[in-house]
Amino acid sequence: QVQLVESGGGLVQPGGSLRLSCAASGTIRRIDAMGWYRQAPGKQRELVAVIPSVGSIYYTESVKGRFTISRDNAKNTVYLQMNSLKPEDTAVYYCNVSSLARTYWGQGTQVTVSS
């Protein structure tokens with residue numbers, strides 16, 4: 001079993017930055033892909049970025065050039081650096097980890113971009 005704990009959300013003004021972290025713990029034999037999703041009020045959950053253990057990083061079009069995903073395999077942690085934030089980035093952000101064909105979700109962290 002894998003548990004995910006997220007941190008780093010909050011309120012920020014447009015143009016500001018936030019860094020989200022998600023640490024995985026528990027019985028971890030191998031972590032494959034690590035990623036971030038978000039869900040805004042009244043909208044479906046969408047994939048923001050994913051970083052596989054091997055292969056290319058993916059970003060949804062709306063965050064390219066502004067968000068950077070990275071991972072620290074020694075700490076089983078994935079990060080999402082969010083710069084030049086816009087009001088439309090407001091959402092609950094969820095960490096997602098794939099391990100041995102199973103998928104795990106974090107509890108979500110609120111990101112609000114508002115003046």
# chains A, B, ... in the order shown; residues from 1 in each chain; ligands from 1
>>> residues_around(residues="Leu85 in chain A", least_positions_apart="2", cutoff="10 Å", atoms="only C-alpha atoms", output="VMD selection string")
chain A and resid 12 to 18 63 66 to 67 82 to 83 87 to 90 111 to 114
>>> write_last_selection(atoms="all heavy atoms", output="tab-separated table (two decimals), in the first residue's frame")
chain	number	residue	atom	x	y	z
A	12	VAL	N	-2.52	32.79	-3.85
A	12	VAL	CA	-1.45	33.57	-4.47
A	12	VAL	C	-2.08	34.54	-5.46
A	12	VAL	O	-3.13	34.27	-6.04
A	12	VAL	CB	-0.43	32.65	-5.14
A	12	VAL	CG1	-1.05	31.87	-6.29
A	12	VAL	CG2	0.80	33.40	-5.60
A	13	GLN	N	-1.43	35.68	-5.64
A	13	GLN	CA	-1.90	36.66	-6.61
A	13	GLN	C	-1.54	36.25	-8.03
A	13	GLN	O	-0.57	35.50	-8.23
A	13	GLN	CB	-1.31	38.04	-6.30
A	13	GLN	CG	-1.79	38.64	-5.01
A	13	GLN	CD	-1.29	40.06	-4.81
A	13	GLN	OE1	-0.33	40.49	-5.46
A	13	GLN	NE2	-1.94	40.80	-3.93
A	14	PRO	N	-2.29	36.71	-9.01
A	14	PRO	CA	-1.92	36.43	-10.41
A	14	PRO	C	-0.49	36.85	-10.68
A	14	PRO	O	-0.04	37.91	-10.25
A	14	PRO	CB	-2.92	37.27	-11.20
A	14	PRO	CG	-4.12	37.37	-10.31
A	14	PRO	CD	-3.56	37.46	-8.91
A	15	GLY	N	0.22	35.98	-11.41
A	15	GLY	CA	1.63	36.22	-11.68
A	15	GLY	C	2.56	35.63	-10.65
A	15	GLY	O	3.78	35.61	-10.86
A	16	GLY	N	2.02	35.16	-9.56
A	16	GLY	CA	2.83	34.60	-8.49
A	16	GLY	C	3.22	33.15	-8.73
A	16	GLY	O	2.92	32.57	-9.79
A	17	SER	N	3.89	32.58	-7.74
A	17	SER	CA	4.40	31.21	-7.85
A	17	SER	C	4.04	30.39	-6.61
A	17	SER	O	3.89	30.94	-5.51
A	17	SER	CB	5.92	31.23	-7.99
A	17	SER	OG	6.32	31.89	-9.17
A	18	LEU	N	3.91	29.11	-6.83
A	18	LEU	CA	3.74	28.15	-5.75
A	18	LEU	C	4.49	26.88	-6.14
A	18	LEU	O	4.65	26.59	-7.33
A	18	LEU	CB	2.28	27.80	-5.53
A	18	LEU	CG	1.38	28.79	-4.79
A	18	LEU	CD1	-0.07	28.29	-4.81
A	18	LEU	CD2	1.85	29.00	-3.36
A	63	VAL	N	-0.36	24.82	-19.46
A	63	VAL	CA	0.66	25.11	-18.44
A	63	VAL	C	2.07	25.08	-18.99
A	63	VAL	O	3.03	25.36	-18.26
A	63	VAL	CB	0.54	24.15	-17.23
A	63	VAL	CG1	-0.88	24.11	-16.71
A	63	VAL	CG2	1.03	22.75	-17.58
A	66	ARG	N	5.14	27.44	-18.04
A	66	ARG	CA	4.87	28.05	-16.73
A	66	ARG	C	5.08	27.06	-15.58
A	66	ARG	O	5.53	27.46	-14.51
A	66	ARG	CB	3.44	28.57	-16.68
A	66	ARG	CG	3.13	29.63	-17.72
A	66	ARG	CD	1.75	30.25	-17.50
A	66	ARG	NE	0.66	29.29	-17.59
A	66	ARG	CZ	-0.19	29.02	-16.60
A	66	ARG	NH1	-0.09	29.66	-15.45
A	66	ARG	NH2	-1.16	28.14	-16.77
A	67	PHE	N	4.73	25.81	-15.79
A	67	PHE	CA	4.85	24.78	-14.75
A	67	PHE	C	6.01	23.85	-15.07
A	67	PHE	O	6.29	23.57	-16.23
A	67	PHE	CB	3.57	23.95	-14.67
A	67	PHE	CG	2.36	24.66	-14.13
A	67	PHE	CD1	2.35	26.04	-13.96
A	67	PHE	CD2	1.22	23.95	-13.80
A	67	PHE	CE1	1.24	26.69	-13.47
A	67	PHE	CE2	0.09	24.57	-13.31
A	67	PHE	CZ	0.10	25.95	-13.15
A	82	MET	N	5.03	25.97	-10.00
A	82	MET	CA	4.04	26.71	-10.79
A	82	MET	C	4.39	28.18	-10.77
A	82	MET	O	4.37	28.82	-9.71
A	82	MET	CB	2.64	26.48	-10.22
A	82	MET	CG	2.26	25.01	-10.12
A	82	MET	SD	0.56	24.75	-9.58
A	82	MET	CE	0.64	25.38	-7.90
A	83	ASN	N	4.73	28.72	-11.92
A	83	ASN	CA	5.06	30.13	-12.06
A	83	ASN	C	4.04	30.84	-12.94
A	83	ASN	O	3.26	30.19	-13.64
A	83	ASN	CB	6.45	30.28	-12.68
A	83	ASN	CG	7.55	29.66	-11.84
A	83	ASN	OD1	7.47	29.64	-10.61
A	83	ASN	ND2	8.58	29.15	-12.49
A	87	PRO	N	-5.64	33.16	-12.79
A	87	PRO	CA	-6.87	32.79	-12.09
A	87	PRO	C	-7.45	31.45	-12.57
A	87	PRO	O	-8.01	30.70	-11.76
A	87	PRO	CB	-7.81	33.95	-12.41
A	87	PRO	CG	-6.90	35.12	-12.57
A	87	PRO	CD	-5.68	34.56	-13.26
A	88	GLU	N	-7.27	31.14	-13.83
A	88	GLU	CA	-7.81	29.88	-14.36
A	88	GLU	C	-7.02	28.66	-13.88
A	88	GLU	O	-7.43	27.53	-14.16
A	88	GLU	CB	-7.85	29.90	-15.89
A	88	GLU	CG	-6.56	30.32	-16.56
A	88	GLU	CD	-6.55	31.80	-16.93
A	88	GLU	OE1	-7.00	32.63	-16.10
A	88	GLU	OE2	-6.07	32.11	-18.04
A	89	ASP	N	-5.92	28.87	-13.17
A	89	ASP	CA	-5.20	27.75	-12.56
A	89	ASP	C	-5.81	27.36	-11.20
A	89	ASP	O	-5.41	26.36	-10.61
A	89	ASP	CB	-3.73	28.11	-12.34
A	89	ASP	CG	-2.97	28.32	-13.64
A	89	ASP	OD1	-3.17	27.53	-14.57
A	89	ASP	OD2	-2.19	29.28	-13.72
A	90	THR	N	-6.78	28.13	-10.75
A	90	THR	CA	-7.44	27.83	-9.48
A	90	THR	C	-8.13	26.48	-9.54
A	90	THR	O	-8.93	26.21	-10.44
A	90	THR	CB	-8.46	28.92	-9.14
A	90	THR	OG1	-7.77	30.15	-8.92
A	90	THR	CG2	-9.25	28.55	-7.89
A	111	VAL	N	-5.34	25.25	-4.59
A	111	VAL	CA	-4.57	26.37	-5.13
A	111	VAL	C	-5.56	27.42	-5.61
A	111	VAL	O	-6.43	27.14	-6.44
A	111	VAL	CB	-3.66	25.93	-6.30
A	111	VAL	CG1	-3.04	27.14	-6.99
A	111	VAL	CG2	-2.58	24.98	-5.80
A	112	THR	N	-5.46	28.62	-5.05
A	112	THR	CA	-6.34	29.71	-5.43
A	112	THR	C	-5.51	30.89	-5.93
A	112	THR	O	-4.62	31.36	-5.21
A	112	THR	CB	-7.20	30.15	-4.24
A	112	THR	OG1	-7.96	29.04	-3.76
A	112	THR	CG2	-8.15	31.28	-4.64
A	113	VAL	N	-5.80	31.32	-7.14
A	113	VAL	CA	-5.09	32.45	-7.74
A	113	VAL	C	-6.08	33.60	-7.86
A	113	VAL	O	-7.02	33.55	-8.66
A	113	VAL	CB	-4.51	32.09	-9.12
A	113	VAL	CG1	-3.66	33.25	-9.65
A	113	VAL	CG2	-3.68	30.81	-9.03
A	114	SER	N	-5.85	34.62	-7.04
A	114	SER	CA	-6.81	35.73	-6.99
A	114	SER	C	-6.14	36.96	-6.44
A	114	SER	O	-5.25	36.88	-5.58
A	114	SER	CB	-8.00	35.35	-6.12
A	114	SER	OG	-8.88	36.44	-5.96
>>> select_by_dssp(residues="chain A", states="strand (DSSP E or B)", output="PyMOL selection string")
chain A and resi 2-7+10-12+18-26+34-39+46-51+58-59+67-72+77-82+91-99+102-105+109-113
>>> closest_residue(among="A:Val97, A:Val54, A:Val78, A:Val48", to="Cys22 in chain A", atoms="only C-alpha atoms")
A:Val78
>>> residues_around(residues="Ala24 in chain A", least_positions_apart="2", cutoff="6 Å", atoms="only C-alpha atoms", output="PDB file with N, CA and C atoms, in the first residue's frame")
ATOM      1  N   GLN A   3       0.881   5.496   0.436  1.00  0.00           N
ATOM      2  CA  GLN A   3       0.177   6.693   0.888  1.00  0.00           C
ATOM      3  C   GLN A   3       0.879   7.921   0.298  1.00  0.00           C
ATOM      4  N   LEU A   4       0.056   8.903  -0.071  1.00  0.00           N
ATOM      5  CA  LEU A   4       0.585  10.135  -0.662  1.00  0.00           C
ATOM      6  C   LEU A   4       0.169  11.318   0.204  1.00  0.00           C
ATOM      7  N   ASN A  76      11.164   9.560  -2.972  1.00  0.00           N
ATOM      8  CA  ASN A  76       9.832   9.175  -3.467  1.00  0.00           C
ATOM      9  C   ASN A  76       8.891  10.370  -3.486  1.00  0.00           C
TER      10      ASN A  76
END
>>> closest_residue(among="A:Val2, A:Ile69, A:Ala40, A:Val50", to="Leu20 in chain A", atoms="only C-alpha atoms")
A:Ile69
>>> atom_distance(atom1="CA of Met34 in chain A", atom2="CA of Leu11 in chain A")
24.3 Å
>>> residues_around(residues="Ser99 in chain A", least_positions_apart="5", cutoff="10 Å", atoms="only C-alpha atoms", output="list in words")
Gln1, Val2, Ile28, Arg29, Arg30, Ile31, Asp32, Ala33, Met34 and Tyr104 of chain A
>>> select_by_dssp(residues="range 16-92 of chain A", states="helix (DSSP H, G or I)", output="list in words")
Glu61, Ser62, Val63, Pro87, Glu88 and Asp89 of chain A
>>> write_last_selection(atoms="N, CA, C and O atoms", output="PDB file, in the first residue's frame")
ATOM      1  N   GLU A  61      -1.352  21.564 -22.427  1.00  0.00           N
ATOM      2  CA  GLU A  61      -0.964  22.736 -23.214  1.00  0.00           C
ATOM      3  C   GLU A  61      -1.034  24.036 -22.414  1.00  0.00           C
ATOM      4  O   GLU A  61      -0.164  24.902 -22.533  1.00  0.00           O
ATOM      5  N   SER A  62      -2.026  24.169 -21.571  1.00  0.00           N
ATOM      6  CA  SER A  62      -2.265  25.440 -20.886  1.00  0.00           C
ATOM      7  C   SER A  62      -1.201  25.791 -19.842  1.00  0.00           C
ATOM      8  O   SER A  62      -1.138  26.943 -19.398  1.00  0.00           O
ATOM      9  N   VAL A  63      -0.356  24.821 -19.462  1.00  0.00           N
ATOM     10  CA  VAL A  63       0.656  25.113 -18.436  1.00  0.00           C
ATOM     11  C   VAL A  63       2.074  25.076 -18.990  1.00  0.00           C
ATOM     12  O   VAL A  63       3.033  25.357 -18.255  1.00  0.00           O
ATOM     13  N   PRO A  87      -5.636  33.162 -12.795  1.00  0.00           N
ATOM     14  CA  PRO A  87      -6.869  32.789 -12.086  1.00  0.00           C
ATOM     15  C   PRO A  87      -7.445  31.453 -12.568  1.00  0.00           C
ATOM     16  O   PRO A  87      -8.010  30.699 -11.760  1.00  0.00           O
ATOM     17  N   GLU A  88      -7.275  31.143 -13.833  1.00  0.00           N
ATOM     18  CA  GLU A  88      -7.806  29.883 -14.360  1.00  0.00           C
ATOM     19  C   GLU A  88      -7.023  28.663 -13.880  1.00  0.00           C
ATOM     20  O   GLU A  88      -7.425  27.530 -14.157  1.00  0.00           O
ATOM     21  N   ASP A  89      -5.922  28.867 -13.174  1.00  0.00           N
ATOM     22  CA  ASP A  89      -5.201  27.751 -12.555  1.00  0.00           C
ATOM     23  C   ASP A  89      -5.813  27.362 -11.205  1.00  0.00           C
ATOM     24  O   ASP A  89      -5.406  26.358 -10.607  1.00  0.00           O
TER      25      ASP A  89
END
>>> decode(residues="range 2-106 of chain A", atoms="C-alpha atoms", output="PDB file, in the first residue's frame")
ATOM      1  CA  VAL A   2       1.193   3.489  -0.871  1.00  0.00           C
ATOM      2  CA  GLN A   3       0.177   6.693   0.888  1.00  0.00           C
ATOM      3  CA  LEU A   4       0.585  10.135  -0.662  1.00  0.00           C
ATOM      4  CA  VAL A   5       0.852  13.365   1.300  1.00  0.00           C
ATOM      5  CA  GLU A   6       0.648  16.656  -0.557  1.00  0.00           C
ATOM      6  CA  SER A   7       1.685  20.110   0.560  1.00  0.00           C
ATOM      7  CA  GLY A   8       2.327  23.568  -0.821  1.00  0.00           C
ATOM      8  CA  GLY A   9      -1.076  24.843  -1.888  1.00  0.00           C
ATOM      9  CA  GLY A  10      -2.473  28.209  -0.917  1.00  0.00           C
ATOM     10  CA  LEU A  11      -3.625  31.622  -2.052  1.00  0.00           C
ATOM     11  CA  VAL A  12      -1.454  33.571  -4.468  1.00  0.00           C
ATOM     12  CA  GLN A  13      -1.903  36.660  -6.605  1.00  0.00           C
ATOM     13  CA  PRO A  14      -1.923  36.428 -10.408  1.00  0.00           C
ATOM     14  CA  GLY A  15       1.627  36.219 -11.683  1.00  0.00           C
ATOM     15  CA  GLY A  16       2.828  34.600  -8.487  1.00  0.00           C
ATOM     16  CA  SER A  17       4.401  31.214  -7.852  1.00  0.00           C
ATOM     17  CA  LEU A  18       3.739  28.145  -5.752  1.00  0.00           C
ATOM     18  CA  ARG A  19       5.532  24.841  -5.366  1.00  0.00           C
ATOM     19  CA  LEU A  20       3.554  21.682  -4.656  1.00  0.00           C
ATOM     20  CA  SER A  21       5.131  18.596  -3.132  1.00  0.00           C
ATOM     21  CA  CYS A  22       3.852  15.044  -2.873  1.00  0.00           C
ATOM     22  CA  ALA A  23       5.679  12.446  -0.811  1.00  0.00           C
ATOM     23  CA  ALA A  24       4.942   8.748  -1.182  1.00  0.00           C
ATOM     24  CA  SER A  25       5.340   6.378   1.748  1.00  0.00           C
ATOM     25  CA  GLY A  26       4.415   2.837   2.698  1.00  0.00           C
ATOM     26  CA  THR A  27       5.331  -0.398   0.987  1.00  0.00           C
ATOM     27  CA  ILE A  28       7.045   0.889  -2.123  1.00  0.00           C
ATOM     28  CA  ARG A  29       8.873  -1.524  -4.353  1.00  0.00           C
ATOM     29  CA  ARG A  30       8.846   0.572  -7.472  1.00  0.00           C
ATOM     30  CA  ILE A  31       7.294   3.865  -8.544  1.00  0.00           C
ATOM     31  CA  ASP A  32       6.595   4.247 -12.237  1.00  0.00           C
ATOM     32  CA  ALA A  33       4.893   7.486 -13.277  1.00  0.00           C
ATOM     33  CA  MET A  34       4.276  10.413 -10.941  1.00  0.00           C
ATOM     34  CA  GLY A  35       1.953  13.215 -11.885  1.00  0.00           C
ATOM     35  CA  TRP A  36      -0.408  15.992 -10.990  1.00  0.00           C
ATOM     36  CA  TYR A  37      -4.074  16.427 -11.845  1.00  0.00           C
ATOM     37  CA  ARG A  38      -6.381  19.304 -11.009  1.00  0.00           C
ATOM     38  CA  GLN A  39     -10.098  19.822 -10.682  1.00  0.00           C
ATOM     39  CA  ALA A  40     -11.742  23.224 -10.802  1.00  0.00           C
ATOM     40  CA  PRO A  41     -15.294  23.765  -9.491  1.00  0.00           C
ATOM     41  CA  GLY A  42     -17.850  22.390 -11.912  1.00  0.00           C
ATOM     42  CA  LYS A  43     -15.207  20.847 -14.169  1.00  0.00           C
ATOM     43  CA  GLN A  44     -13.773  17.408 -14.713  1.00  0.00           C
ATOM     44  CA  ARG A  45     -10.429  16.421 -13.270  1.00  0.00           C
ATOM     45  CA  GLU A  46      -7.683  17.004 -15.820  1.00  0.00           C
ATOM     46  CA  LEU A  47      -4.100  15.874 -16.160  1.00  0.00           C
ATOM     47  CA  VAL A  48      -1.649  18.721 -15.601  1.00  0.00           C
ATOM     48  CA  ALA A  49       1.737  17.032 -15.900  1.00  0.00           C
ATOM     49  CA  VAL A  50       3.281  13.596 -15.602  1.00  0.00           C
ATOM     50  CA  ILE A  51       6.879  12.446 -15.242  1.00  0.00           C
ATOM     51  CA  PRO A  52       7.519   8.771 -15.974  1.00  0.00           C
ATOM     52  CA  SER A  53      10.413   6.752 -14.611  1.00  0.00           C
ATOM     53  CA  VAL A  54      11.595   6.450 -18.214  1.00  0.00           C
ATOM     54  CA  GLY A  55      10.560   8.616 -21.120  1.00  0.00           C
ATOM     55  CA  SER A  56       9.337  12.106 -21.815  1.00  0.00           C
ATOM     56  CA  ILE A  57       7.601  14.473 -19.467  1.00  0.00           C
ATOM     57  CA  TYR A  58       4.095  15.532 -20.465  1.00  0.00           C
ATOM     58  CA  TYR A  59       2.420  18.883 -19.800  1.00  0.00           C
ATOM     59  CA  THR A  60      -1.069  19.905 -20.698  1.00  0.00           C
ATOM     60  CA  GLU A  61      -0.964  22.736 -23.214  1.00  0.00           C
ATOM     61  CA  SER A  62      -2.265  25.440 -20.886  1.00  0.00           C
ATOM     62  CA  VAL A  63       0.656  25.113 -18.436  1.00  0.00           C
ATOM     63  CA  LYS A  64       3.556  24.666 -20.838  1.00  0.00           C
ATOM     64  CA  GLY A  65       6.321  27.171 -20.150  1.00  0.00           C
ATOM     65  CA  ARG A  66       4.871  28.046 -16.731  1.00  0.00           C
ATOM     66  CA  PHE A  67       4.845  24.780 -14.746  1.00  0.00           C
ATOM     67  CA  THR A  68       7.724  22.384 -14.162  1.00  0.00           C
ATOM     68  CA  ILE A  69       7.337  18.857 -12.813  1.00  0.00           C
ATOM     69  CA  SER A  70      10.254  17.056 -11.217  1.00  0.00           C
ATOM     70  CA  ARG A  71      10.857  14.057  -8.969  1.00  0.00           C
ATOM     71  CA  ASP A  72      13.349  12.953  -6.355  1.00  0.00           C
ATOM     72  CA  ASN A  73      13.493   9.188  -6.529  1.00  0.00           C
ATOM     73  CA  ALA A  74      15.541   8.895  -3.335  1.00  0.00           C
ATOM     74  CA  LYS A  75      12.737  10.639  -1.445  1.00  0.00           C
ATOM     75  CA  ASN A  76       9.832   9.175  -3.467  1.00  0.00           C
ATOM     76  CA  THR A  77       8.658  12.734  -3.955  1.00  0.00           C
ATOM     77  CA  VAL A  78       7.243  14.613  -6.907  1.00  0.00           C
ATOM     78  CA  TYR A  79       7.136  18.391  -7.213  1.00  0.00           C
ATOM     79  CA  LEU A  80       5.191  20.865  -9.305  1.00  0.00           C
ATOM     80  CA  GLN A  81       6.733  24.312  -9.617  1.00  0.00           C
ATOM     81  CA  MET A  82       4.037  26.706 -10.795  1.00  0.00           C
ATOM     82  CA  ASN A  83       5.063  30.131 -12.062  1.00  0.00           C
ATOM     83  CA  SER A  84       3.127  32.958 -13.704  1.00  0.00           C
ATOM     84  CA  LEU A  85      -0.051  31.670 -12.129  1.00  0.00           C
ATOM     85  CA  LYS A  86      -3.375  32.717 -13.604  1.00  0.00           C
ATOM     86  CA  PRO A  87      -6.869  32.789 -12.086  1.00  0.00           C
ATOM     87  CA  GLU A  88      -7.806  29.883 -14.360  1.00  0.00           C
ATOM     88  CA  ASP A  89      -5.201  27.751 -12.555  1.00  0.00           C
ATOM     89  CA  THR A  90      -7.439  27.830  -9.476  1.00  0.00           C
ATOM     90  CA  ALA A  91      -8.332  24.245  -8.586  1.00  0.00           C
ATOM     91  CA  VAL A  92      -7.737  21.407  -6.201  1.00  0.00           C
ATOM     92  CA  TYR A  93      -4.493  19.752  -7.239  1.00  0.00           C
ATOM     93  CA  TYR A  94      -4.120  15.993  -6.787  1.00  0.00           C
ATOM     94  CA  CYS A  95      -0.957  13.953  -6.805  1.00  0.00           C
ATOM     95  CA  ASN A  96      -1.093  10.660  -8.703  1.00  0.00           C
ATOM     96  CA  VAL A  97       1.402   7.819  -8.525  1.00  0.00           C
ATOM     97  CA  SER A  98       1.538   4.587 -10.484  1.00  0.00           C
ATOM     98  CA  SER A  99       3.271   1.616  -8.913  1.00  0.00           C
ATOM     99  CA  LEU A 100       3.248  -1.932 -10.251  1.00  0.00           C
ATOM    100  CA  ALA A 101       0.070  -1.426 -12.270  1.00  0.00           C
ATOM    101  CA  ARG A 102      -1.796   0.234  -9.383  1.00  0.00           C
ATOM    102  CA  THR A 103      -2.696   3.918  -9.120  1.00  0.00           C
ATOM    103  CA  TYR A 104      -2.740   5.989  -5.943  1.00  0.00           C
ATOM    104  CA  TRP A 105      -4.143   9.451  -5.255  1.00  0.00           C
ATOM    105  CA  GLY A 106      -3.307  12.150  -2.772  1.00  0.00           C
TER     106      GLY A 106
END
